[in-house]
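Engineer: Please read through the structure below; I'll follow up with questions.
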Number of protein chains: 2
Amino acid sequence: MAESWSFLDTSEPNFRPLVVIELAKGTKEKTVEWFTKRIVDKKANGGAQLLVRPLVTENGDENIYLVGASDLRLLLGAETVGLVKECKDNSMRTFTYSSRKTFKDFTGDSHSFLTMAECQYIIKHELENLRAKDEKMIPGYPQAKLYPGKSIVRRLLTSGILVQIFPLHDREELKKLRHSWYGRVKVGFQPLDEIRRYFGETIALYFGFLEYFTFALIPMAVIGIPYYVFAWEDYDKYVMFATFNLLWSTVILEVWKRICAVMTYCWGTLLMKRQFEEPRPGFHGTLGINPITGKEEPVYSSIKRQIRIYLVSLPFVCLCLYFSLYVMMIYFDLEQWALDYHKENESNFSSLMLFVPSIIYAVVIEIMNRIYRYAAEFLTSWENHRLESSYQNHLILKVLVFNFLNCFASLFYIAFVLFDMKLLRQSLATLLITSQILNQFAESLLPYWLQKRHKKRMKKRMCSLKTDVDLSLVEQVNLERDMGTYLGTFDDYLELFLQFGYVSLFSCVYPLAAVFAVLNNITEIYSDALKMCRVYKRPFAEPTANIGVWQLAFETMSVISVVTNCILIGMSPQVNALFPDSKMDLVLTVALVEHLLLAIKFIMAFVIPDKPRSIQIKLAKLEFESLEALKQQ
Amino acid sequence: MAESWSFLDTSEPNFRPLVVIELAKGTKEKTVEWFTKRIVDKKANGGAQLLVRPLVTENGDENIYLVGASDLRLLLGAETVGLVKECKDNSMRTFTYSSRKTFKDFTGDSHSFLTMAECQYIIKHELENLRAKDEKMIPGYPQAKLYPGKSIVRRLLTSGILVQIFPLHDREELKKLRHSWYGRVKVGFQPLDEIRRYFGETIALYFGFLEYFTFALIPMAVIGIPYYVFAWEDYDKYVMFATFNLLWSTVILEVWKRICAVMTYCWGTLLMKRQFEEPRPGFHGTLGINPITGKEEPVYSSIKRQIRIYLVSLPFVCLCLYFSLYVMMIYFDLEQWALDYHKENESNFSSLMLFVPSIIYAVVIEIMNRIYRYAAEFLTSWENHRLESSYQNHLILKVLVFNFLNCFASLFYIAFVLFDMKLLRQSLATLLITSQILNQFAESLLPYWLQKRHKKRMKKRMCSLKTDVDLSLVEQVNLERDMGTYLGTFDDYLELFLQFGYVSLFSCVYPLAAVFAVLNNITEIYSDALKMCRVYKRPFAEPTANIGVWQLAFETMSVISVVTNCILIGMSPQVNALFPDSKMDLVLTVALVEHLLLAIKFIMAFVIPDKPRSIQIKLAKLEFESLEALKQQ
């Protein structure tokens, strides 16, 4: 095989391994040769013009390859993906190689100009855009069909020849990042810019949101504490707290959009043009012509997809929601039965029995959540969305609705059917605190511990062998390829979303929820940081300009919380005492107040601009300049 | 003065007068000379490179000038304003002179390629963009200050030297348009494309919306008729009607967006890039640097404007609203007093007295509306908005809120305070029908009659003189300059908006409202068409891609109507009879249904895409092409 490498400049002095490609063991040589040739081949020949080196492991396997690129190649790639960088006049502009001299920090090489995460993103983009020319199949694998324009990497992935592609950690950088992020005990903001440099915008934005959200909860927590300390039960204080909460939650969500715009403007992603999205790997269909690009690709009828969504997925989700409610009702029956049993017998056994329904319910909920998650993934994949983004949105929506019901249905039932405020407060506290503890454990600490054990074993194994290859790199690659893959920010946002629900939906009953949320989030930042730095493979950076569908989810939650809080206040005995003669007046007053609050919310959301004036001016300036440039032409 | 015209090619064989400029009588010659020279001067010298001819009127005054342009100039202007035209491959593209050959209908001259309305829009744009160079003032008028970059035409207008600029009618075209629009009695759609060719997109879109809205009301009207004919009073039928109405109104507003996108795509305005907006004529401030353009222009602190809006305008509007409510309460007191008086006396005089409060109230409302309109215009102008669009939005919002209250407050009072459904139905019918008749009369027929009288007198005067100038053109210009100016679609949309309120807010009480609305709109189309073609000066075409803030206004109205209809149904005796034991259950049920309906509305608005798939694909294709073109560079 060595001959085929001859045209590669193997003596390239500064080959920096950026991305690891792991092929399946026993991949045919023919295939490997063809694939690596395509990667290093010139752009003009349809290649990616990157650098590839095989990684020689202890047992001589050659199924792992390191990919890098020359500085010039990376800069050209930065132009292709449309990176936006800061110019010398402090404005943000789309990078082009020809105008490279006008950019700040440009010194001639890509090392200092592009972050490692950006380089890896560029390489990933180039690899994914490596397209079949006239090959009808992957050489050596006749069953893996290709057609002109099909992404080779995606076909290799779906046919199992390519096991994974992942970016390498940079140990020096990671050490520095760890230190400034969570290495020392300090009060202050997270190093968001450094996080973004290392992990990319999507993850930095999550941590930014987590931090912002924590700070935003502090006023609620501060106001909530005296309610607990002095055991305030006056209705007017509760009304004040709830009103403050409702308006506050609108304000923080609107202000977040502004902060997000400022951050992503500085990161360049606010201005980044959306690239044309290729079909997601799992998408299938009959070969046809894409009406947008005019190129050959699988097409799938949109009407068929709509039918699948509305006639299969939607009824299925509704059925699941119904089933979840049904299980909840059984739980309440069991609970009642256990209470009755305890009252009758009053033995040690019977008091133990009191906990049984809750435990069973908790276990059942967890099982249902997992099964549902699989079902939702299967269904959304079966809906055959062309774009990854649309797949994600549909999946998020499905999971969100079910999780919302699972978490809050019992609380709604306690509040609005049983009218038991004491039980509501208890359940709320129990649910909030246990879910927080469980999450922190299952999400970060457990994987961290497993990872540590694995690492130790690896180290031992490594030391037992004595080879003269660059041990540290081989060791690193072997270690990282077995690390878990970070599956995206979905679960992290979901956790925050449910927490927001606990804090806002019943805020007037349990003002202390915000305090627990703040405490949890402070540790959450640390455990999530630990998870990102220590437990998982480095994820590819994903440029993004906002938190997407989650903004909508949080806003919806805050609208629902207006309704629940108004009802709760209306049900409180203190408010009831104000309307001794007519329950009618009470209900009408509550309804009126609710509508007023909702109207104020919408007006506030409408009046507060989504982007601060300074950013608006900068964007308008860029638009004006491009208009002027067009006129000059 | 004749010498200065020498460099103008007065022998240009095909000078087509497009736009009329009327200067104040007795404008200094120096000024006229300077202004006309700037208009005809080369672009390179800072001129507009248009053609100007004085119009010699019967009394020899030279204060009216006709502006035209060569074909080449108009095509270059079309590129400057960014017109979007259809290409030979049926896609819409921004017109550029260099790619002119690829456009459909391009035959070499602008006559067949650009519509007259577009030519006039281009000339208006060029005139408004005629900017001061190093002049410190308008020659001959030291008080009319100029600074580099200030629009000369705007300064001339604000200092009263320029009386008006208006586009000429094209009598041949107008005749054809009139014929196909309302000249013959026919059932069918309006010739929207022809309207757009003649009057531009804003007006065509209004007529498109009027037509669409009328068609959309037909199902409501059809369902409403049997309620009246068979005097249905069953609650279930009312609930069905109201539910249908509420969902229907959401659907029609969403579908309108799609239809609007299809229309404006074909007209090219959907793709038209928003030009950088210059400050509106009335805007003033200290001379500073615009942060967007980097050029000198008056600047005004945004904080000062916010203070004026929130601390002066907002309280003033609230005060006016309060005052309007107060007047309404007086009216109801008077009404009660008249009733009592009639009961006591029962004379002819007393039964006449019954009408007095209504008449007084109607007159007072009309007076308040007018005064408020002036106040709103004054306040909005005092708020000193930089952009015409932002001025318009603030003005519309102010007028909208006040008109809403004035029109509907008494109905709300009757419905939700007096609980008198019979009176509500009566008042609704009276208000709807009288306002429709009055509007049609005051808006179109009266001005039409006045205009006709004026025309006759003009003709007589013209015929008495005998000059050898092109009488028909002089006559036409003299006639048109005295015609009223069409002040934009504001009042027309407002009328439709209030009608939508009458139809939807209390639809379950008075299903026949839709029938009257449909009947009114059919005649409204004709009377508005008459108004546009016969009564007013031809307005300048305004490219637009949607109906702007009115979409929001209509959507808000449809949300409010969910609330009102639910309450009305909840108050009906039939529904009350369903809950004989507990009024509480009734109110809770109504509230639940209302929230469900609102939720369905929002979900529907979210699920229905704003643009049809075909348009989405076309837009995506254009975006893809521009991305590819960027990559090729």
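Residue names in the structure tokens use chain letters A, B, ... in the order shown, residue numbers from 1 in each chain, and ligand numbers from 1 in the order shown.
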Distance limit 10 Å, atoms considered: only C-alpha atoms. Which chain A residues sit that close to chain B? Return them as a VMD selection string.

Structural biologist: chain A and resid 79 to 82 96 273 to 277 290 to 294 302 563 582 to 588 591 595 613 to 614 616 to 625 627 to 628 630 to 631 633

Engineer: Find the residues around Cys87 (chain A) up to 6 Å (only C-alpha atoms counted), leave out those fewer than 4 positions away in its own chain, and share them as a PDB file with N, CA, C and O atoms, in the first residue's frame.

Structural biologist:
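part.pdb, written as the output of this step:
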ATOM      1  N   SER A  91     -15.026  45.497  12.811  1.00  0.00           N
ATOM      2  CA  SER A  91     -16.302  44.974  12.325  1.00  0.00           C
ATOM      3  C   SER A  91     -16.119  43.498  11.998  1.00  0.00           C
ATOM      4  O   SER A  91     -15.006  43.022  11.794  1.00  0.00           O
ATOM      5  N   MET A  92     -17.231  42.777  11.982  1.00  0.00           N
ATOM      6  CA  MET A  92     -17.181  41.351  11.677  1.00  0.00           C
ATOM      7  C   MET A  92     -17.478  41.184  10.185  1.00  0.00           C
ATOM      8  O   MET A  92     -18.438  41.752   9.677  1.00  0.00           O
ATOM      9  N   THR A 102      -6.877  42.012   5.792  1.00  0.00           N
ATOM     10  CA  THR A 102      -7.652  43.016   6.514  1.00  0.00           C
ATOM     11  C   THR A 102      -8.158  42.490   7.852  1.00  0.00           C
ATOM     12  O   THR A 102      -8.777  43.231   8.604  1.00  0.00           O
ATOM     13  N   PHE A 103      -7.893  41.206   8.148  1.00  0.00           N
ATOM     14  CA  PHE A 103      -8.462  40.645   9.371  1.00  0.00           C
ATOM     15  C   PHE A 103      -7.504  40.783  10.535  1.00  0.00           C
ATOM     16  O   PHE A 103      -6.279  40.675  10.371  1.00  0.00           O
ATOM     17  N   LYS A 104      -8.083  41.006  11.654  1.00  0.00           N
ATOM     18  CA  LYS A 104      -7.341  41.089  12.904  1.00  0.00           C
ATOM     19  C   LYS A 104      -6.684  39.729  13.181  1.00  0.00           C
ATOM     20  O   LYS A 104      -7.247  38.695  12.801  1.00  0.00           O
TER      21      LYS A 104
END

Engineer: Name the residues of region 281-473 of chain A that fall into alpha helix (DSSP H) according to DSSP on the backbone, using the chain letters and numbers of this document, as number ranges by chain.

Structural biologist: A: 302-307, 314-345, 348-353, 356-382, 388-413, 421-440, 446-464, 471-473

Engineer: Mind checking which residues fall within 10 Å of Ile223 (chain B), counting only C-alpha atoms, ignoring those fewer than 4 positions away in the same chain, and posting them as a PyMOL selection string?

Structural biologist: chain B and resi 218-219+227-228+241+244-245+511-512+514-515

Engineer: Please compute the CA of Phe402 (chain A)-CA of Thr243 (chain A) distance, one decimal, in Å.

Structural biologist: 28.1 Å

Engineer: Tell me which protein, DNA and RNA residues are within 7 Å of region 330-343 of chain B, counting only C-alpha atoms, leaving out same-chain ones fewer than 3 positions away, and put them as a list in words.

Structural biologist: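 Near neighbours after the sequence-gap exclusion: Tyr326, Val327, Glu346, Ser350, Ser351, Met353, Leu354, Pro357 and Tyr361 of chain B.
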
Engineer: Taking all heavy atoms for each residue, export the selection above as a CSV table (one decimal), in the first residue's frame.

Structural biologist:
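Output file again09.csv is given in full below:
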chain,number,residue,atom,x,y,z
B,326,TYR,N,-65.4,57.7,29.0
B,326,TYR,CA,-66.2,58.7,29.8
B,326,TYR,C,-67.4,59.2,29.0
B,326,TYR,O,-68.5,59.2,29.5
B,326,TYR,CB,-65.3,59.8,30.3
B,326,TYR,CG,-65.9,60.7,31.4
B,326,TYR,CD1,-66.0,60.2,32.7
B,326,TYR,CD2,-66.5,61.9,31.1
B,326,TYR,CE1,-66.6,61.0,33.7
B,326,TYR,CE2,-67.0,62.7,32.0
B,326,TYR,CZ,-67.1,62.2,33.3
B,326,TYR,OH,-67.7,63.0,34.3
B,327,VAL,N,-67.1,59.6,27.8
B,327,VAL,CA,-68.2,60.1,26.9
B,327,VAL,C,-69.2,59.0,26.7
B,327,VAL,O,-70.4,59.3,26.7
B,327,VAL,CB,-67.6,60.6,25.6
B,327,VAL,CG1,-68.6,60.9,24.5
B,327,VAL,CG2,-66.7,61.8,25.8
B,346,GLU,N,-94.7,59.9,27.2
B,346,GLU,CA,-95.3,59.2,26.1
B,346,GLU,C,-95.9,60.2,25.1
B,346,GLU,O,-97.0,59.9,24.6
B,346,GLU,CB,-96.4,58.2,26.6
B,346,GLU,CG,-95.8,57.1,27.4
B,346,GLU,CD,-95.9,55.7,26.8
B,346,GLU,OE1,-96.3,55.7,25.6
B,346,GLU,OE2,-95.7,54.7,27.5
B,350,SER,N,-91.5,63.2,23.1
B,350,SER,CA,-90.6,62.3,23.9
B,350,SER,C,-90.1,61.2,23.1
B,350,SER,O,-89.0,60.7,23.2
B,350,SER,CB,-91.4,61.8,25.1
B,350,SER,OG,-92.3,60.8,24.7
B,351,SER,N,-90.9,60.7,22.1
B,351,SER,CA,-90.4,59.6,21.3
B,351,SER,C,-89.3,60.1,20.3
B,351,SER,O,-88.4,59.3,19.9
B,351,SER,CB,-91.5,58.9,20.5
B,351,SER,OG,-92.2,59.8,19.7
B,353,MET,N,-87.3,62.4,21.2
B,353,MET,CA,-86.2,62.6,22.2
B,353,MET,C,-85.4,61.3,22.3
B,353,MET,O,-84.2,61.4,22.7
B,353,MET,CB,-86.7,63.0,23.5
B,353,MET,CG,-87.0,64.5,23.7
B,353,MET,SD,-85.6,65.5,23.5
B,353,MET,CE,-84.9,65.3,25.1
B,354,LEU,N,-86.0,60.2,22.0
B,354,LEU,CA,-85.3,58.9,22.2
B,354,LEU,C,-84.1,58.8,21.2
B,354,LEU,O,-83.1,58.2,21.6
B,354,LEU,CB,-86.2,57.7,21.8
B,354,LEU,CG,-87.1,57.2,23.0
B,354,LEU,CD1,-88.0,56.1,22.5
B,354,LEU,CD2,-86.3,56.7,24.1
B,357,PRO,N,-80.0,61.2,22.0
B,357,PRO,CA,-78.7,60.7,22.6
B,357,PRO,C,-77.8,60.0,21.5
B,357,PRO,O,-76.6,60.3,21.4
B,357,PRO,CB,-79.0,59.8,23.7
B,357,PRO,CG,-80.4,60.1,24.1
B,357,PRO,CD,-81.1,60.6,22.8
B,361,TYR,N,-74.3,61.3,20.3
B,361,TYR,CA,-73.1,60.4,20.5
B,361,TYR,C,-72.4,60.2,19.2
B,361,TYR,O,-71.1,60.3,19.1
B,361,TYR,CB,-73.6,59.1,21.1
B,361,TYR,CG,-72.4,58.2,21.5
B,361,TYR,CD1,-71.4,58.6,22.3
B,361,TYR,CD2,-72.4,56.9,21.0
B,361,TYR,CE1,-70.4,57.8,22.6
B,361,TYR,CE2,-71.4,56.0,21.4
B,361,TYR,CZ,-70.4,56.5,22.2
B,361,TYR,OH,-69.3,55.6,22.5

Engineer: Give me, as a VMD selection string, all polymer residues having an atom no more than 9 Å from region 552-555 of chain B, counting only C-alpha atoms and skipping those fewer than 4 positions away in the same chain.

Structural biologist: chain B and resid 249 to 250 253 397 400 497 500 to 501 548 559 to 560

Engineer: Go ahead and save the picked residues with N, CA and C atoms, as a PDB file, in the first residue's frame.

Structural biologist:
ATOM      1  N   SER B 249     -61.286  32.250  10.984  1.00  0.00           N
ATOM      2  CA  SER B 249     -60.580  33.524  10.895  1.00  0.00           C
ATOM      3  C   SER B 249     -59.073  33.313  11.018  1.00  0.00           C
ATOM      4  N   THR B 250     -58.646  32.311  11.812  1.00  0.00           N
ATOM      5  CA  THR B 250     -57.213  32.009  11.859  1.00  0.00           C
ATOM      6  C   THR B 250     -56.736  31.506  10.513  1.00  0.00           C
ATOM      7  N   LEU B 253     -56.425  34.180   7.774  1.00  0.00           N
ATOM      8  CA  LEU B 253     -55.292  35.089   7.929  1.00  0.00           C
ATOM      9  C   LEU B 253     -53.981  34.400   7.571  1.00  0.00           C
ATOM     10  N   LEU B 397     -50.650  52.481  14.974  1.00  0.00           N
ATOM     11  CA  LEU B 397     -50.938  51.893  16.275  1.00  0.00           C
ATOM     12  C   LEU B 397     -51.816  52.828  17.101  1.00  0.00           C
ATOM     13  N   LEU B 400     -55.298  53.102  15.551  1.00  0.00           N
ATOM     14  CA  LEU B 400     -55.980  51.817  15.633  1.00  0.00           C
ATOM     15  C   LEU B 400     -56.612  51.605  16.997  1.00  0.00           C
ATOM     16  N   PHE B 497     -60.577  46.683   8.769  1.00  0.00           N
ATOM     17  CA  PHE B 497     -60.243  46.188  10.096  1.00  0.00           C
ATOM     18  C   PHE B 497     -61.451  46.296  11.023  1.00  0.00           C
ATOM     19  N   PHE B 500     -63.979  43.784  10.087  1.00  0.00           N
ATOM     20  CA  PHE B 500     -63.595  42.471  10.597  1.00  0.00           C
ATOM     21  C   PHE B 500     -63.976  42.349  12.078  1.00  0.00           C
ATOM     22  N   GLY B 501     -63.822  43.457  12.801  1.00  0.00           N
ATOM     23  CA  GLY B 501     -64.237  43.474  14.202  1.00  0.00           C
ATOM     24  C   GLY B 501     -65.723  43.239  14.356  1.00  0.00           C
ATOM     25  N   GLY B 548     -48.002  44.391   5.854  1.00  0.00           N
ATOM     26  CA  GLY B 548     -47.309  45.004   6.977  1.00  0.00           C
ATOM     27  C   GLY B 548     -48.030  44.871   8.301  1.00  0.00           C
ATOM     28  N   VAL B 559     -57.694  37.141  17.840  1.00  0.00           N
ATOM     29  CA  VAL B 559     -57.463  36.607  19.191  1.00  0.00           C
ATOM     30  C   VAL B 559     -58.496  37.187  20.164  1.00  0.00           C
ATOM     31  N   ILE B 560     -58.716  38.502  20.065  1.00  0.00           N
ATOM     32  CA  ILE B 560     -59.694  39.127  20.962  1.00  0.00           C
ATOM     33  C   ILE B 560     -61.080  38.524  20.735  1.00  0.00           C
TER      34      ILE B 560
END

Engineer: Please identify all polymer residues within 9 Å of Lys25 (chain A), counting only C-alpha atoms, omitting same-chain residues fewer than 3 positions from it, and present them as a PyMOL selection string.

Structural biologist: chain A and resi 22+61-63+161

Engineer: Using DSSP on the backbone coordinates, identify all residues within region 232-340 of chain B classified as strand (DSSP E); present the result as a short mmCIF file (atom, residue, chain, number, x, y, z; two decimals) with N, CA and C atoms, in the first residue's frame.

Structural biologist:
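Written file, result.cif:
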data_model
loop_
_atom_site.label_atom_id
_atom_site.label_comp_id
_atom_site.auth_asym_id
_atom_site.auth_seq_id
_atom_site.Cartn_x
_atom_site.Cartn_y
_atom_site.Cartn_z
N THR B 286 -29.70 67.50 15.34
CA THR B 286 -28.42 68.19 15.17
C THR B 286 -27.61 67.42 14.12
N LEU B 287 -26.80 68.14 13.38
CA LEU B 287 -26.00 67.50 12.33
C LEU B 287 -24.97 66.59 12.97
N GLY B 288 -24.95 65.35 12.55
CA GLY B 288 -23.99 64.40 13.11
C GLY B 288 -23.64 63.36 12.08
N ILE B 289 -23.04 62.28 12.55
CA ILE B 289 -22.65 61.22 11.63
C ILE B 289 -23.61 60.04 11.82
N GLU B 296 -22.78 62.41 6.85
CA GLU B 296 -23.38 63.48 7.64
C GLU B 296 -24.89 63.47 7.46
N GLU B 297 -25.61 63.54 8.53
CA GLU B 297 -27.05 63.75 8.45
C GLU B 297 -27.55 64.14 9.83
N PRO B 298 -28.77 64.69 9.93
CA PRO B 298 -29.25 65.05 11.26
C PRO B 298 -29.40 63.78 12.10
N VAL B 299 -28.99 63.84 13.34
CA VAL B 299 -29.20 62.70 14.23
C VAL B 299 -30.02 63.16 15.43
#

Engineer: I'd like the contact shell of Lys85 (chain B) - 10 Å cut-off, only C-alpha atoms, skipping same-chain residues fewer than 2 positions apart - returned as a PDB file with C-alpha atoms, in the first residue's frame.

Structural biologist:
ATOM      1  CA  ALA B  78     -34.365  50.050 -12.668  1.00  0.00           C
ATOM      2  CA  GLY B  82     -33.325  46.975  -7.507  1.00  0.00           C
ATOM      3  CA  LEU B  83     -36.384  45.965  -9.517  1.00  0.00           C
ATOM      4  CA  CYS B  87     -36.139  35.877 -16.584  1.00  0.00           C
ATOM      5  CA  LYS B  88     -36.489  33.784 -19.686  1.00  0.00           C
ATOM      6  CA  ASN B  90     -39.259  31.778 -15.560  1.00  0.00           C
ATOM      7  CA  SER B  91     -37.302  32.563 -12.409  1.00  0.00           C
ATOM      8  CA  MET B  92     -37.412  36.008 -10.818  1.00  0.00           C
ATOM      9  CA  ARG B  93     -34.114  37.853 -10.659  1.00  0.00           C
ATOM     10  CA  THR B  94     -32.880  41.297  -9.714  1.00  0.00           C
ATOM     11  CA  PHE B  95     -32.569  43.301 -12.919  1.00  0.00           C
ATOM     12  CA  THR B  96     -29.145  44.480 -13.970  1.00  0.00           C
ATOM     13  CA  ARG B 100     -30.776  42.599 -19.523  1.00  0.00           C
ATOM     14  CA  PHE B 103     -34.982  38.837 -19.060  1.00  0.00           C
ATOM     15  CA  LYS B 104     -38.316  37.968 -20.518  1.00  0.00           C
ATOM     16  CA  ASP B 105     -40.078  40.679 -22.502  1.00  0.00           C
ATOM     17  CA  PHE B 113     -40.171  46.105 -20.362  1.00  0.00           C
ATOM     18  CA  LEU B 114     -40.864  48.560 -17.554  1.00  0.00           C
ATOM     19  CA  TYR B 265     -43.244  36.732  -5.810  1.00  0.00           C
ATOM     20  CA  CYS B 266     -44.747  37.096  -9.276  1.00  0.00           C
ATOM     21  CA  TRP B 267     -44.573  40.868  -8.963  1.00  0.00           C
ATOM     22  CA  GLY B 268     -40.955  40.648  -7.912  1.00  0.00           C
ATOM     23  CA  THR B 269     -41.364  42.543  -4.658  1.00  0.00           C
ATOM     24  CA  LEU B 271     -37.350  39.239  -3.587  1.00  0.00           C
ATOM     25  CA  MET B 272     -36.669  42.950  -3.767  1.00  0.00           C
TER      26      MET B 272
END
